[in-house]
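One file, run-v6.cif, carrying mmCIF, C-alpha atoms:
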```cif
data_upload
loop_
_atom_site.label_atom_id
_atom_site.label_comp_id
_atom_site.auth_asym_id
_atom_site.auth_seq_id
_atom_site.Cartn_x
_atom_site.Cartn_y
_atom_site.Cartn_z
CA MET A 129 -351.90 -180.02 -151.44
CA ARG A 130 -348.22 -179.77 -150.77
CA LEU A 131 -348.31 -175.93 -150.88
CA ARG A 132 -350.95 -175.82 -148.12
CA THR A 133 -348.64 -177.85 -145.88
CA ILE A 134 -345.50 -175.84 -146.61
CA ILE A 135 -346.98 -172.35 -146.08
CA PRO A 136 -348.12 -172.93 -142.46
CA PHE A 137 -344.77 -174.62 -141.72
CA VAL A 138 -342.79 -171.67 -143.12
CA ALA A 139 -345.01 -169.16 -141.28
CA ALA A 140 -344.58 -171.05 -137.99
CA THR A 141 -340.80 -171.22 -138.49
CA VAL A 142 -340.58 -167.48 -139.14
CA LEU A 143 -342.66 -166.70 -136.04
CA VAL A 144 -340.50 -168.95 -133.86
CA CYS A 145 -337.30 -167.35 -135.19
CA LEU A 146 -338.63 -163.84 -134.62
CA SER A 147 -339.73 -164.62 -131.09
CA GLN A 148 -336.26 -165.92 -130.28
CA ALA A 149 -334.37 -163.07 -131.96
CA PRO A 150 -331.85 -161.61 -129.54
CA THR A 151 -332.50 -158.09 -128.38
CA THR A 152 -329.64 -155.63 -128.49
CA ARG A 153 -331.19 -153.35 -125.88
CA GLU A 154 -329.58 -153.64 -122.47
CA PRO A 155 -331.48 -152.01 -119.61
CA LEU A 156 -329.83 -149.42 -117.42
CA ASN A 157 -328.18 -150.78 -114.30
CA PRO A 158 -330.17 -149.26 -111.40
CA GLN A 159 -327.01 -149.33 -109.25
CA TRP A 160 -325.31 -146.97 -111.70
CA GLY A 161 -327.56 -143.99 -111.00
CA ALA A 162 -327.11 -141.32 -108.32
CA VAL A 163 -329.36 -138.42 -107.37
CA PHE A 164 -327.48 -135.27 -106.46
CA PRO A 165 -328.92 -133.34 -103.51
CA PRO A 166 -330.43 -129.92 -104.28
CA ALA A 167 -327.38 -128.14 -102.80
CA SER A 168 -325.07 -129.62 -105.45
CA ALA A 169 -327.51 -130.08 -108.35
CA ARG A 170 -326.31 -126.97 -110.22
CA GLN A 171 -322.79 -128.41 -110.42
CA LEU A 172 -324.02 -131.01 -112.93
CA LEU A 173 -325.00 -128.20 -115.28
CA ARG A 174 -321.46 -126.93 -115.77
CA GLN A 175 -320.87 -128.96 -118.93
CA CYS A 176 -318.40 -127.69 -121.50
CA SER A 177 -319.35 -129.35 -124.78
CA ARG A 178 -323.14 -129.60 -124.69
CA GLY A 179 -326.03 -127.42 -123.64
CA THR A 180 -327.80 -127.70 -120.30
CA PRO A 181 -331.13 -126.31 -119.06
CA ALA A 182 -331.24 -122.58 -118.40
CA PRO A 183 -332.10 -120.39 -116.69
CA ILE A 184 -332.27 -122.36 -113.45
CA ARG A 185 -334.71 -120.84 -110.95
CA GLY A 186 -334.17 -123.39 -108.20
CA THR A 187 -333.42 -126.99 -107.33
CA TRP A 188 -335.37 -129.86 -105.80
CA ASN A 189 -334.85 -133.50 -104.85
CA PRO A 190 -336.25 -136.13 -107.27
CA SER A 191 -337.71 -139.12 -105.46
CA PRO A 192 -336.43 -142.67 -106.00
CA ASP A 193 -339.78 -143.50 -107.66
CA GLN A 194 -339.43 -140.64 -110.14
CA VAL A 195 -335.94 -141.83 -111.09
CA ARG A 196 -337.07 -145.46 -111.32
CA LEU A 197 -339.96 -144.47 -113.61
CA LEU A 198 -337.73 -142.56 -116.03
CA GLU A 199 -335.00 -145.20 -116.34
CA GLY A 200 -336.95 -147.62 -118.57
CA PRO A 201 -337.87 -144.96 -121.15
CA LEU A 202 -334.38 -143.43 -120.85
CA SER A 203 -332.85 -146.80 -121.73
CA VAL A 204 -335.03 -146.97 -124.87
CA LEU A 205 -334.23 -143.36 -125.83
CA LEU A 206 -330.50 -143.80 -125.30
CA ASP A 207 -330.39 -147.03 -127.33
CA ARG A 208 -332.33 -145.31 -130.13
CA LYS A 209 -329.85 -142.41 -130.18
CA LEU A 210 -326.89 -144.82 -130.11
CA LEU A 211 -328.33 -146.89 -132.96
CA ALA A 212 -328.68 -143.72 -135.04
CA LEU A 213 -324.92 -143.12 -134.85
CA ARG A 214 -322.88 -144.17 -137.84
CA LEU A 215 -320.70 -146.61 -135.92
CA PRO A 216 -319.87 -150.26 -136.54
CA ASP A 217 -321.86 -152.47 -134.18
CA SER A 218 -318.62 -153.63 -132.54
CA LEU A 219 -317.86 -150.03 -131.46
CA ARG A 220 -321.39 -148.94 -130.58
CA PRO A 221 -322.07 -148.62 -126.84
CA HIS A 222 -325.36 -149.87 -125.35
CA ALA A 223 -327.60 -148.07 -122.91
CA GLY A 224 -326.61 -150.57 -120.22
CA ASP A 225 -323.02 -149.28 -120.44
CA TYR A 226 -323.82 -145.88 -118.90
CA TYR A 227 -323.73 -144.42 -115.41
CA ARG A 228 -326.15 -141.57 -114.66
CA GLN A 229 -326.17 -138.57 -112.37
CA TYR A 230 -329.57 -136.98 -111.72
CA ALA A 231 -330.33 -133.44 -110.61
CA GLY A 232 -333.67 -131.81 -109.90
CA VAL A 233 -333.82 -128.29 -111.34
CA ILE A 234 -336.58 -125.77 -111.91
CA VAL A 235 -336.64 -124.34 -115.44
CA GLY A 236 -339.41 -122.10 -116.70
CA GLY A 237 -341.42 -122.77 -113.55
CA ARG A 238 -341.37 -126.55 -114.14
CA ARG A 239 -339.60 -129.25 -112.21
CA THR A 240 -337.15 -131.02 -114.50
CA ILE A 241 -334.75 -133.88 -113.88
CA TYR A 242 -331.45 -133.28 -115.63
CA ILE A 243 -329.57 -136.47 -116.48
CA ASN A 244 -325.82 -136.46 -116.93
CA GLY A 245 -324.74 -139.78 -118.45
CA PHE A 246 -321.27 -141.21 -118.98
CA HIS A 247 -319.88 -144.48 -120.25
CA LYS A 248 -318.61 -147.10 -117.80
CA THR A 249 -315.05 -146.66 -119.07
CA GLN A 250 -314.97 -143.30 -117.25
CA VAL A 251 -315.41 -145.13 -113.94
CA THR A 252 -313.27 -148.19 -114.72
CA GLU A 253 -310.33 -146.13 -115.99
CA THR A 254 -310.49 -143.88 -112.94
CA ARG A 255 -310.54 -146.91 -110.63
CA THR A 256 -307.59 -148.45 -112.52
CA PHE A 257 -305.59 -145.24 -112.24
CA LEU A 258 -306.28 -145.00 -108.51
CA THR A 259 -305.28 -148.62 -107.95
CA GLU A 260 -302.08 -148.34 -109.97
CA HIS A 261 -301.03 -145.05 -108.34
CA ARG A 262 -302.39 -145.40 -104.80
CA ASN A 263 -298.88 -144.99 -103.32
CA ASP A 264 -297.64 -142.48 -105.88
CA SER A 265 -298.17 -139.06 -104.32
CA ALA A 266 -296.66 -137.32 -107.37
CA ALA A 267 -299.25 -138.92 -109.68
CA LEU A 268 -302.08 -138.11 -107.29
CA ARG A 269 -300.95 -134.54 -106.56
CA ASN A 270 -303.11 -133.11 -109.36
CA PHE A 271 -305.85 -135.68 -108.97
CA PRO A 272 -308.73 -134.18 -106.97
CA SER A 273 -309.12 -135.84 -103.59
CA ALA A 274 -312.89 -136.14 -104.16
CA PHE A 275 -312.15 -138.48 -107.08
CA ARG A 276 -309.97 -140.83 -105.07
CA ASP A 277 -312.99 -142.79 -103.79
CA SER A 278 -314.03 -145.59 -106.17
CA ASP A 279 -317.63 -144.35 -106.03
CA TYR A 280 -316.64 -140.72 -106.64
CA TRP A 281 -319.29 -140.41 -109.36
CA ARG A 282 -322.06 -140.56 -106.74
CA GLY A 283 -321.18 -137.10 -105.44
CA VAL A 284 -318.72 -135.51 -107.84
CA PRO A 285 -320.14 -134.23 -111.13
CA THR A 286 -318.64 -135.89 -114.20
CA VAL A 287 -317.76 -133.11 -116.62
CA VAL A 288 -315.78 -133.99 -119.73
CA CYS A 289 -315.10 -131.75 -122.69
CA ASP A 290 -315.73 -133.59 -125.95
CA GLY A 291 -315.96 -137.39 -125.69
CA GLY A 292 -318.83 -137.75 -128.17
CA GLU A 293 -321.27 -140.60 -127.59
CA TYR A 294 -319.54 -141.61 -124.36
CA TYR A 295 -321.20 -138.67 -122.58
CA PHE A 296 -324.74 -137.36 -122.85
CA GLY A 297 -327.22 -135.03 -121.24
CA VAL A 298 -331.00 -134.93 -121.39
CA GLU A 299 -333.88 -133.26 -119.56
CA TYR A 300 -336.90 -135.19 -118.25
CA ASP A 301 -340.24 -133.70 -117.24
CA PRO A 302 -341.66 -135.92 -114.46
CA GLN A 303 -345.12 -134.42 -114.92
CA THR A 304 -345.47 -135.18 -118.65
CA HIS A 305 -343.02 -138.12 -118.64
CA ARG A 306 -341.24 -136.68 -121.68
CA PHE A 307 -337.59 -136.18 -122.52
CA ARG A 308 -336.23 -133.14 -124.32
CA ASN A 309 -332.92 -131.66 -125.42
CA PHE A 310 -330.99 -134.92 -125.66
CA SER A 311 -327.41 -134.43 -126.80
CA PHE A 312 -324.13 -136.27 -126.82
CA ASN A 313 -320.94 -134.35 -126.09
CA GLY A 314 -319.07 -132.85 -128.98
CA HIS A 315 -315.97 -134.31 -130.62
CA ALA A 316 -312.52 -132.73 -130.49
#
```

Could the structure of this file be written out as structure tokens, please?
Amino acid sequence: MRLRTIIPFVAATVLVCLSQAPTTREPLNPQWGAVFPPASARQLLRQCSRGTPAPIRGTWNPSPDQVRLLEGPLSVLLDRKLLALRLPDSLRPHAGDYYRQYAGVIVGGRRTIYINGFHKTQVTETRTFLTEHRNDSAALRNFPSAFRDSDYWRGVPTVVCDGGEYYFGVEYDPQTHRFRNFSFNGHA
């Protein structure tokens, strides 16, 4: 008699605990994505430590709806790739930590959205540098003027050699809704 009472109680407790388990997945911040116009889309493909789509036969402009539709699945994919890394949880980034630059390119006759992703530290460290050196012309002399705007990433391609999991690229087919050729940057 006692066993019949305990089993449903234990099962109910387990179900309640599982339903309240915290999720580690953080969604992408929609404000941290920028679509590059067709005229500058090819600039995003000049990466130095990971492959990019080739050969490019043209460019096009992804719509806001196309970008919005890919961001949910991209968040899941990115978190899955990050979880697969052999990093302590305290050092592992989350999908919600990344900015994204989107470019519409035509590869093999198909429209593809290329996604260039980079960790938020890229933006925060650049903003900190600009704030600390705003009146230091010697420090800014070799700093490209296009990067001096705090939202530089919306129009200036982020290209970093190495950097590992803090930088990634992936292709998205808006017709099939599938990702391919995901890769993090290399390590020095």

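Taking CA of Arg282 (chain A) and CA of Ile243 (chain A) as the two end points, the separation is 13.0 Å.
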
*Just say which residues the PyMOL selection byres ((chain A and resi 252-258) around 12) picks in this file, as a PyMOL selection string.*
chain A and resi 225-227+246-251+259-265+267-269+271-281+286

Take the residues that were just selected and, keeping C-alpha atoms, output them as a PDB file, in the coordinates of the input.
```pdb
ATOM      1  CA  ASP A 225    -323.020-149.280-120.440  1.00  0.00           C
ATOM      2  CA  TYR A 226    -323.820-145.880-118.900  1.00  0.00           C
ATOM      3  CA  TYR A 227    -323.730-144.420-115.410  1.00  0.00           C
ATOM      4  CA  PHE A 246    -321.270-141.210-118.980  1.00  0.00           C
ATOM      5  CA  HIS A 247    -319.880-144.480-120.250  1.00  0.00           C
ATOM      6  CA  LYS A 248    -318.610-147.100-117.800  1.00  0.00           C
ATOM      7  CA  THR A 249    -315.050-146.660-119.070  1.00  0.00           C
ATOM      8  CA  GLN A 250    -314.970-143.300-117.250  1.00  0.00           C
ATOM      9  CA  VAL A 251    -315.410-145.130-113.940  1.00  0.00           C
ATOM     10  CA  THR A 259    -305.280-148.620-107.950  1.00  0.00           C
ATOM     11  CA  GLU A 260    -302.080-148.340-109.970  1.00  0.00           C
ATOM     12  CA  HIS A 261    -301.030-145.050-108.340  1.00  0.00           C
ATOM     13  CA  ARG A 262    -302.390-145.400-104.800  1.00  0.00           C
ATOM     14  CA  ASN A 263    -298.880-144.990-103.320  1.00  0.00           C
ATOM     15  CA  ASP A 264    -297.640-142.480-105.880  1.00  0.00           C
ATOM     16  CA  SER A 265    -298.170-139.060-104.320  1.00  0.00           C
ATOM     17  CA  ALA A 267    -299.250-138.920-109.680  1.00  0.00           C
ATOM     18  CA  LEU A 268    -302.080-138.110-107.290  1.00  0.00           C
ATOM     19  CA  ARG A 269    -300.950-134.540-106.560  1.00  0.00           C
ATOM     20  CA  PHE A 271    -305.850-135.680-108.970  1.00  0.00           C
ATOM     21  CA  PRO A 272    -308.730-134.180-106.970  1.00  0.00           C
ATOM     22  CA  SER A 273    -309.120-135.840-103.590  1.00  0.00           C
ATOM     23  CA  ALA A 274    -312.890-136.140-104.160  1.00  0.00           C
ATOM     24  CA  PHE A 275    -312.150-138.480-107.080  1.00  0.00           C
ATOM     25  CA  ARG A 276    -309.970-140.830-105.070  1.00  0.00           C
ATOM     26  CA  ASP A 277    -312.990-142.790-103.790  1.00  0.00           C
ATOM     27  CA  SER A 278    -314.030-145.590-106.170  1.00  0.00           C
ATOM     28  CA  ASP A 279    -317.630-144.350-106.030  1.00  0.00           C
ATOM     29  CA  TYR A 280    -316.640-140.720-106.640  1.00  0.00           C
ATOM     30  CA  TRP A 281    -319.290-140.410-109.360  1.00  0.00           C
ATOM     31  CA  THR A 286    -318.640-135.890-114.200  1.00  0.00           C
TER      32      THR A 286
END
```

_Report, in Å to a single decimal, how far apart CA of Pro165 (chain A) and CA of Arg308 (chain A) are._
22.1 Å

*From the set A:Gly161, A:Trp188, A:Phe310, A:Gln171, which residue has the shortest atom-to-atom contact distance to Arg239 (chain A), counting only C-alpha atoms?*
A:Trp188

*asked:* Report, in Å to a single decimal, how far apart CA of Asp290 (chain A) and CA of Gly186 (chain A) are.
replied: 27.6 Å

*Pick from A:Pro158, A:Gly292, A:Pro302, A:Gly237: nearest to Ser177 (chain A), with all atoms listed in the file counted?*
A:Gly292

*Write out as a PyMOL selection string each polymer residue whose atoms come within 12 Å of Val288 (chain A), counting all atoms listed in the file; drop sequence neighbours fewer than 6 positions from it.*
chain A and resi 172-178+244-247+250+294-297+312-316
